[in-house]
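Below is one structure, written out as structure tokens; comments come after it.
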Amino acid sequence: MNTASHALDHHDGHHPAGLLRWLTTTNHKDIGTMYLTFSLLMFFVGGAMILGVRAELFQPGLQLMKPEFFNQLIGVHALVMIFAALMPAATGFANWMIPLMIGAPDMALPRLNNWGFWLLPPAALLLTMPFFLALFGIGDGAVATGWTLYAPLSVQGGIGVDFAIFSIHILGISSIMGSINIIATILNMRAPGMTLMKMPLFCWGWLVTAVLLIITLPVLAGGVTMLLTDRHFDTHFFNAAGGGDPILFQHLFWFFGHPEVYILLLPVWGLMPHVLSTFTRKPIYGHTAQVWSFIAIGVLGLIVWAHHFLTSGLPVPALLYFMYSTMSISLPLAVLFFCWIATMWRGAMSFETPMLFALGFIVLFGIAGLTGLVLADVAADAQYHHSYFVVAHFHYALFAGGIMGVMTGVYYWLPKWTGHMYSEKLGKLHFWLTVISFNFTFMPQFFLGLAGMPRRIPDYALQFAEFNAISTVGAFALGLSQLIFAYNVWRCVKGGDKATDRVWEGTEGLEWELSSPPPHHSWETQPVIKAG
Amino acid sequence: MAITMKEAAGARSWIARPNCSLTPTLRRGLIALILAASLITSTAFLLAGAWLVLPFAGIELFLLFLALRAIDRQASDYESIRLDDDSLVVSTRQSAASFSRRFQTAWARVTLEPDDGREPLVCIRAHGHSAHVGRLLTPDQRRQLFSDLSSRLARPH
């Protein structure tokens, strides 16, 4: 495909400056920047929490904190990382890039876009506020149930659970607004000639994500509302003594929670082919196959939720169904891996920072996929469930898959957004320190899980001491490495070598036709996509 | 934004419409997909005792409906000018509000006028009445339209 016409109109006036600009902006680039900045901030907040946890786990015994506070740090870390760091990062990418990629002047519903973002800070505040309230003797701290909020523990928990429930509601409303906007933008604002099958894979990844969010979020909202009424209005949805069923909450939570994994990963899977194609100087291999894989993963992701609680006493036919359906997800995922590798095959590869992160993503996310197959096996899961093996598995999925994917995108698009090149030297240093320290942190956790160490405990048997010590050292190195990332981004925003419009040699797509940085109002003249 | 120009039977017309890539078939398919998935999910959980999922799904579908309706209203916006030897007719539709005005070609004058500090709009005036067009056009397209109209109106009738 190529563009027949485009314009680079610069009309930077007509928008307020200073704080008012950010409060009232409806510009997709401003809102994308706010999402990404918020995400980076919350990434460090969530990261600091888990460093507290890892410090406690450095040695057996209780050294630094009470078990209750330990549980709170774990629960809020997960909620912050998933809802306030990873999801906003992906939404930030969507805001910045979807209009540029499809040739639209902005998102379809710009005011909704602004409201969607500004719901996030109060939600994050609600989530973390109980920590501070406890300092003044109000309540007993933040939610201490883990991010799953399982009943009956959450029915009995303190005010932190109520704060978490309201926060989840607000985050859900924000996500719904974002999803509706993304669906409307992608379907209605594509440039003439850009059919759905010509649409960039990043947009496809986000389209499937947005549909998944719309289907699953009401289930989470219903579930946490039922939890709230059980806590305060004497209902017994999840109270076995009152005729309720605590396992029902697990169904409700994971019907949202499992697709949530794909919600976090699909935008990254959509981004990967663009990066691989750019740095191998080859067209994307299997565009159509990847689109259908996204759709297949979306559909399968909706029907496999109970593999997260295979040990809860499900009937044998259900166990078999959820085992086989979960394993079947590996088929479309294998298609994606094949296409990514085929894109690179015999390409003129170069190893700039985004490509390094993309390669790191493929290798480490592959480990997440393989260990996921182990957990999907009903017999093996009986051994590994609720062990550190699960913790290691989902961090290979969500850190190596999600966060490293986001970093791939940031390094890939940052020169386009800012008009400046980041420091390649610092980028590569960041990559190697991240990959090495990540594996030091989480690889030992596989062995801990295999040896039987349960998750979510502040103290452990002496036999687990060495691997925990290595994991803690790795975690601190991993946390500190991310300061290089923040500094590199900051340097790039403030200045640096001028980026060209196409930034990278092998780029394809409408977004690279615009200047770096793009004008405040881009695509004022409609581009037209021609067949080819 | 797309502007099309037609010439037939001595009359020339310009029609501008916003770009809308959402076809009716795609819209129906999207609604059917999300409605079916939401209803199946909510009903299954309703039968399992989790009836509170249903109202949330309803609220969400209502929001989606509002968004699609907003898109629909935008899709039906247009600005058109029809010019022949006797008359110049300006018709616009913006957010379901329609406007139409007829000018005598011999008396019509066209100018570019600032639009509340933004890029100027094309303004057509005659006999104390005026009509502004170009909200659906880019600045370049407005200037092109102004130039076309000016040259047409400058010809003897």
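Letters A, B, ... go to the chains of the structure tokens in the order shown; residues in each chain start at 1; ligands are counted from 1 in the same order.
The residue set within 7 Å of range 296-303 of chain A, counting only C-alpha atoms and dropping same-chain residues fewer than 4 places from it, reads Val208, Leu212, Phe255, His258, Pro259, Trp292, Ile329 and Pro332 of chain A.
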Hey, what's within 12 Å of Glu466 in chain A if we count only C-alpha atoms and toss same-chain stuff fewer than 2 positions away? As a ChimeraX atom specification, please?
/A:57-60,444-445,447-448,460-464,468-473
Distance table requested - chain A against chain B, cut-off 6 Å, only C-alpha atoms: one row per qualifying residue with the closest atom pair and its distance in Å to one decimal, ordered by chain and rising residue number, as a Markdown table.
```
| residue | atom | partner | partner_atom | distance |
| --- | --- | --- | --- | --- |
| A:Leu187 | CA | B:Leu22 | CA | 5.3 |
| A:Asn188 | CA | B:Leu22 | CA | 4.3 |
| A:Met189 | CA | B:Ser21 | CA | 5.7 |
| A:Arg190 | CA | B:Ser21 | CA | 5.8 |
| A:Ile215 | CA | B:Ser38 | CA | 5.6 |
| A:Pro218 | CA | B:Phe56 | CA | 5.0 |
| A:Val219 | CA | B:Val53 | CA | 5.2 |
| A:Gly222 | CA | B:Val53 | CA | 4.2 |
```
Excluding same-chain residues fewer than 5 positions from Met42 in chain A, what lies within 9 Å of it counting only C-alpha atoms, as a PDB file with N, CA and C atoms, in the first residue's frame?
```pdb
ATOM      1  N   THR A  37       2.693   8.906  30.445  1.00  0.00           N
ATOM      2  CA  THR A  37       3.372   9.479  31.608  1.00  0.00           C
ATOM      3  C   THR A  37       2.802   8.875  32.893  1.00  0.00           C
ATOM      4  N   GLY A  47       6.363  -0.886  41.217  1.00  0.00           N
ATOM      5  CA  GLY A  47       7.685  -1.513  41.339  1.00  0.00           C
ATOM      6  C   GLY A  47       8.266  -1.326  42.731  1.00  0.00           C
ATOM      7  N   VAL A  80      -2.001  -2.267  40.691  1.00  0.00           N
ATOM      8  CA  VAL A  80      -1.378  -1.068  40.097  1.00  0.00           C
ATOM      9  C   VAL A  80      -0.701  -1.420  38.772  1.00  0.00           C
ATOM     10  N   MET A  81       0.059  -2.514  38.771  1.00  0.00           N
ATOM     11  CA  MET A  81       0.803  -2.866  37.557  1.00  0.00           C
ATOM     12  C   MET A  81      -0.146  -3.196  36.399  1.00  0.00           C
ATOM     13  N   ALA A  84      -3.073   0.176  36.308  1.00  0.00           N
ATOM     14  CA  ALA A  84      -2.598   1.563  36.264  1.00  0.00           C
ATOM     15  C   ALA A  84      -1.280   1.724  35.520  1.00  0.00           C
ATOM     16  N   ALA A  85      -0.589   0.631  35.224  1.00  0.00           N
ATOM     17  CA  ALA A  85       0.669   0.766  34.477  1.00  0.00           C
ATOM     18  C   ALA A  85       0.546   0.165  33.073  1.00  0.00           C
ATOM     19  N   ALA A 124      -6.433   5.515  40.843  1.00  0.00           N
ATOM     20  CA  ALA A 124      -5.145   5.099  41.417  1.00  0.00           C
ATOM     21  C   ALA A 124      -5.017   5.601  42.852  1.00  0.00           C
TER      22      ALA A 124
END
```
Which residues are near Ala142 in chain A? Cut-off 6 Å, only C-alpha atoms, ignore same chain within fewer than 5 positions. Put them as a PyMOL selection string.
chain A and resi 72+130-131+160
Quote the spacing between CA of Pro152 in chain A and CA of Gly172 in chain A in Å to one decimal place.
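The value is 22.7 Å.
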Taking the backbone alone, and naming residues the way the document does, which bits of range 20-87 of chain B are alpha helix (DSSP H) by DSSP, as an mmCIF file with C-alpha atoms, in the first residue's frame?
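selection36.cif was written with the following content:
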```cif
data_model
loop_
_atom_site.group_PDB
_atom_site.id
_atom_site.type_symbol
_atom_site.label_atom_id
_atom_site.label_comp_id
_atom_site.auth_asym_id
_atom_site.auth_seq_id
_atom_site.Cartn_x
_atom_site.Cartn_y
_atom_site.Cartn_z
ATOM 1 C CA PRO B 24 -24.005 -0.262 7.458
ATOM 2 C CA THR B 25 -23.099 -3.955 7.104
ATOM 3 C CA LEU B 26 -20.073 -3.568 9.347
ATOM 4 C CA ARG B 27 -22.127 -1.590 11.867
ATOM 5 C CA ARG B 28 -24.823 -4.276 11.984
ATOM 6 C CA GLY B 29 -22.173 -7.000 12.279
ATOM 7 C CA LEU B 30 -20.457 -5.192 15.171
ATOM 8 C CA ILE B 31 -23.713 -4.637 17.047
ATOM 9 C CA ALA B 32 -24.801 -8.260 16.491
ATOM 10 C CA LEU B 33 -21.440 -9.604 17.675
ATOM 11 C CA ILE B 34 -21.251 -7.546 20.857
ATOM 12 C CA LEU B 35 -24.962 -7.924 21.635
ATOM 13 C CA ALA B 36 -24.813 -11.704 21.217
ATOM 14 C CA ALA B 37 -21.619 -12.078 23.254
ATOM 15 C CA SER B 38 -22.917 -9.814 26.050
ATOM 16 C CA LEU B 39 -26.324 -11.488 26.178
ATOM 17 C CA ILE B 40 -24.922 -15.026 26.200
ATOM 18 C CA THR B 41 -22.450 -14.098 28.944
ATOM 19 C CA SER B 42 -24.939 -12.159 31.085
ATOM 20 C CA THR B 43 -27.636 -14.826 30.732
ATOM 21 C CA ALA B 44 -25.208 -17.600 31.671
ATOM 22 C CA PHE B 45 -24.158 -15.717 34.791
ATOM 23 C CA LEU B 46 -27.796 -14.829 35.530
ATOM 24 C CA LEU B 47 -28.649 -18.528 35.527
ATOM 25 C CA VAL B 53 -23.807 -8.765 35.534
ATOM 26 C CA LEU B 54 -26.872 -8.096 33.386
ATOM 27 C CA PRO B 55 -27.457 -4.426 34.340
ATOM 28 C CA PHE B 56 -23.785 -3.607 33.841
ATOM 29 C CA ALA B 57 -23.862 -5.239 30.404
ATOM 30 C CA GLY B 58 -27.015 -3.222 29.631
ATOM 31 C CA ILE B 59 -25.394 0.072 30.654
ATOM 32 C CA GLU B 60 -22.361 -0.711 28.551
ATOM 33 C CA LEU B 61 -24.386 -1.635 25.470
ATOM 34 C CA PHE B 62 -26.365 1.584 25.914
ATOM 35 C CA LEU B 63 -23.105 3.576 25.926
ATOM 36 C CA LEU B 64 -21.977 1.767 22.778
ATOM 37 C CA PHE B 65 -25.332 2.559 21.190
ATOM 38 C CA LEU B 66 -24.898 6.269 22.062
ATOM 39 C CA ALA B 67 -21.415 6.266 20.525
ATOM 40 C CA LEU B 68 -22.647 4.654 17.314
ATOM 41 C CA ARG B 69 -25.557 7.115 17.170
ATOM 42 C CA ALA B 70 -23.106 10.016 17.508
ATOM 43 C CA ILE B 71 -21.141 8.542 14.606
ATOM 44 C CA ASP B 72 -24.350 8.148 12.595
ATOM 45 C CA ARG B 73 -25.263 11.782 13.134
ATOM 46 C CA GLN B 74 -21.810 12.839 12.055
ATOM 47 C CA ALA B 75 -21.968 10.563 9.008
#
```
Quick one: pull the distance between CA of Phe361 in chain A and CA of Val268 in chain A, Å, one decimal.
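Value for the CA of Phe361 in chain A-CA of Val268 in chain A distance: 9.7 Å.
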Check chain B with DSSP on the backbone and list each residue it calls strand (DSSP E or B), as a ChimeraX atom specification.
/B:2-8,11-17,78-83,87-94,97-104,109-115,118-126,129-133
Arg125 in chain B surroundings by only C-alpha atoms, 8 Å radius, close-in-sequence under 2 positions cut, as a JSON list (two decimals) with N, CA and C atoms, in the first residue's frame:
```json
[["chain", "number", "residue", "atom", "x", "y", "z"],
["B", 103, "PHE", "N", -29.69, 32.03, -3.23],
["B", 103, "PHE", "CA", -29.22, 33.37, -3.63],
["B", 103, "PHE", "C", -29.41, 33.51, -5.14],
["B", 108, "ALA", "N", -24.85, 37.32, -6.08],
["B", 108, "ALA", "CA", -24.07, 36.62, -5.04],
["B", 108, "ALA", "C", -22.60, 37.03, -5.07],
["B", 109, "ARG", "N", -22.05, 37.24, -3.89],
["B", 109, "ARG", "CA", -20.62, 37.56, -3.74],
["B", 109, "ARG", "C", -19.99, 36.55, -2.79],
["B", 110, "VAL", "N", -18.76, 36.15, -3.08],
["B", 110, "VAL", "CA", -18.12, 35.16, -2.23],
["B", 110, "VAL", "C", -16.84, 35.73, -1.63],
["B", 123, "CYS", "N", -17.72, 32.42, 2.61],
["B", 123, "CYS", "CA", -18.97, 33.10, 2.93],
["B", 123, "CYS", "C", -19.63, 33.59, 1.63],
["B", 127, "HIS", "N", -28.12, 40.41, -0.97],
["B", 127, "HIS", "CA", -29.34, 41.01, -0.43],
["B", 127, "HIS", "C", -29.43, 40.92, 1.10],
["B", 128, "GLY", "N", -28.31, 41.16, 1.78],
["B", 128, "GLY", "CA", -28.33, 41.18, 3.25],
["B", 128, "GLY", "C", -28.33, 39.82, 3.91],
["B", 129, "HIS", "N", -28.36, 38.76, 3.12],
["B", 129, "HIS", "CA", -28.30, 37.42, 3.70],
["B", 129, "HIS", "C", -26.93, 36.80, 3.44],
["B", 130, "SER", "N", -26.56, 35.85, 4.29],
["B", 130, "SER", "CA", -25.27, 35.19, 4.07],
["B", 130, "SER", "C", -25.34, 33.72, 4.47],
["B", 131, "ALA", "N", -24.41, 32.96, 3.94],
["B", 131, "ALA", "CA", -24.29, 31.54, 4.32],
["B", 131, "ALA", "C", -22.80, 31.20, 4.35]]
```
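Between His132 in chain B and the residues B:Val90, B:Ala11, B:Ala96, B:Ala154, the shortest atom-to-atom distance, using only C-alpha atoms, involves B:Val90.
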Between CA of Ala221 in chain A and CA of Tyr262 in chain A, what is the distance, to one decimal in Å?
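Calculated distance between CA of Ala221 in chain A and CA of Tyr262 in chain A is 18.5 Å.
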Tell me, as a list in words, which residues lie within 12 Å of Ser150 in chain B, counting only C-alpha atoms; anything in the same chain fewer than 4 positions away does not count.
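Listing them by chain and then by number gives Leu83, Thr105, Ala108, Arg109, Val110, Thr111, Leu112, Val122, Cys123, Ile124, Arg142, Arg143, Gln144, Leu145, Phe146, Ala154 and Arg155 of chain B.
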Would you save the residues of that selection, restricted to N, CA and C atoms, as a JSON list (two decimals), in the first residue's frame?
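Okay, this is what ended up in again_8.json:
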```
[["chain", "number", "residue", "atom", "x", "y", "z"],
["B", 83, "LEU", "N", -24.92, 25.58, -8.18],
["B", 83, "LEU", "CA", -24.84, 26.86, -8.89],
["B", 83, "LEU", "C", -25.27, 26.69, -10.34],
["B", 105, "THR", "N", -27.84, 34.31, -8.51],
["B", 105, "THR", "CA", -26.44, 34.17, -8.95],
["B", 105, "THR", "C", -25.82, 35.53, -9.30],
["B", 108, "ALA", "N", -24.85, 37.32, -6.08],
["B", 108, "ALA", "CA", -24.07, 36.62, -5.04],
["B", 108, "ALA", "C", -22.60, 37.03, -5.07],
["B", 109, "ARG", "N", -22.05, 37.24, -3.89],
["B", 109, "ARG", "CA", -20.62, 37.56, -3.74],
["B", 109, "ARG", "C", -19.99, 36.55, -2.79],
["B", 110, "VAL", "N", -18.76, 36.15, -3.08],
["B", 110, "VAL", "CA", -18.12, 35.16, -2.23],
["B", 110, "VAL", "C", -16.84, 35.73, -1.63],
["B", 111, "THR", "N", -16.64, 35.49, -0.32],
["B", 111, "THR", "CA", -15.44, 35.97, 0.38],
["B", 111, "THR", "C", -14.94, 34.85, 1.31],
["B", 112, "LEU", "N", -13.72, 35.03, 1.78],
["B", 112, "LEU", "CA", -13.20, 34.14, 2.84],
["B", 112, "LEU", "C", -13.26, 34.92, 4.15],
["B", 122, "VAL", "N", -15.72, 29.86, 3.78],
["B", 122, "VAL", "CA", -16.21, 30.49, 2.55],
["B", 122, "VAL", "C", -17.58, 31.11, 2.87],
["B", 123, "CYS", "N", -17.72, 32.42, 2.61],
["B", 123, "CYS", "CA", -18.97, 33.10, 2.93],
["B", 123, "CYS", "C", -19.63, 33.59, 1.63],
["B", 124, "ILE", "N", -20.91, 33.29, 1.47],
["B", 124, "ILE", "CA", -21.66, 33.73, 0.28],
["B", 124, "ILE", "C", -22.71, 34.72, 0.75],
["B", 142, "ARG", "N", -10.91, 24.70, 1.33],
["B", 142, "ARG", "CA", -11.74, 25.92, 1.39],
["B", 142, "ARG", "C", -11.24, 26.96, 0.38],
["B", 143, "ARG", "N", -9.91, 27.11, 0.35],
["B", 143, "ARG", "CA", -9.35, 28.09, -0.59],
["B", 143, "ARG", "C", -9.64, 27.68, -2.03],
["B", 144, "GLN", "N", -9.57, 26.39, -2.29],
["B", 144, "GLN", "CA", -9.86, 25.89, -3.63],
["B", 144, "GLN", "C", -11.33, 26.16, -4.01],
["B", 145, "LEU", "N", -12.23, 25.90, -3.04],
["B", 145, "LEU", "CA", -13.65, 26.13, -3.28],
["B", 145, "LEU", "C", -13.91, 27.62, -3.52],
["B", 146, "PHE", "N", -13.27, 28.47, -2.71],
["B", 146, "PHE", "CA", -13.42, 29.92, -2.86],
["B", 146, "PHE", "C", -12.97, 30.35, -4.25],
["B", 154, "ALA", "N", -17.75, 35.31, -11.34],
["B", 154, "ALA", "CA", -17.22, 36.47, -12.06],
["B", 154, "ALA", "C", -17.61, 36.43, -13.54],
["B", 155, "ARG", "N", -18.03, 35.26, -14.02],
["B", 155, "ARG", "CA", -18.40, 35.15, -15.44],
["B", 155, "ARG", "C", -19.73, 35.86, -15.68]]
```
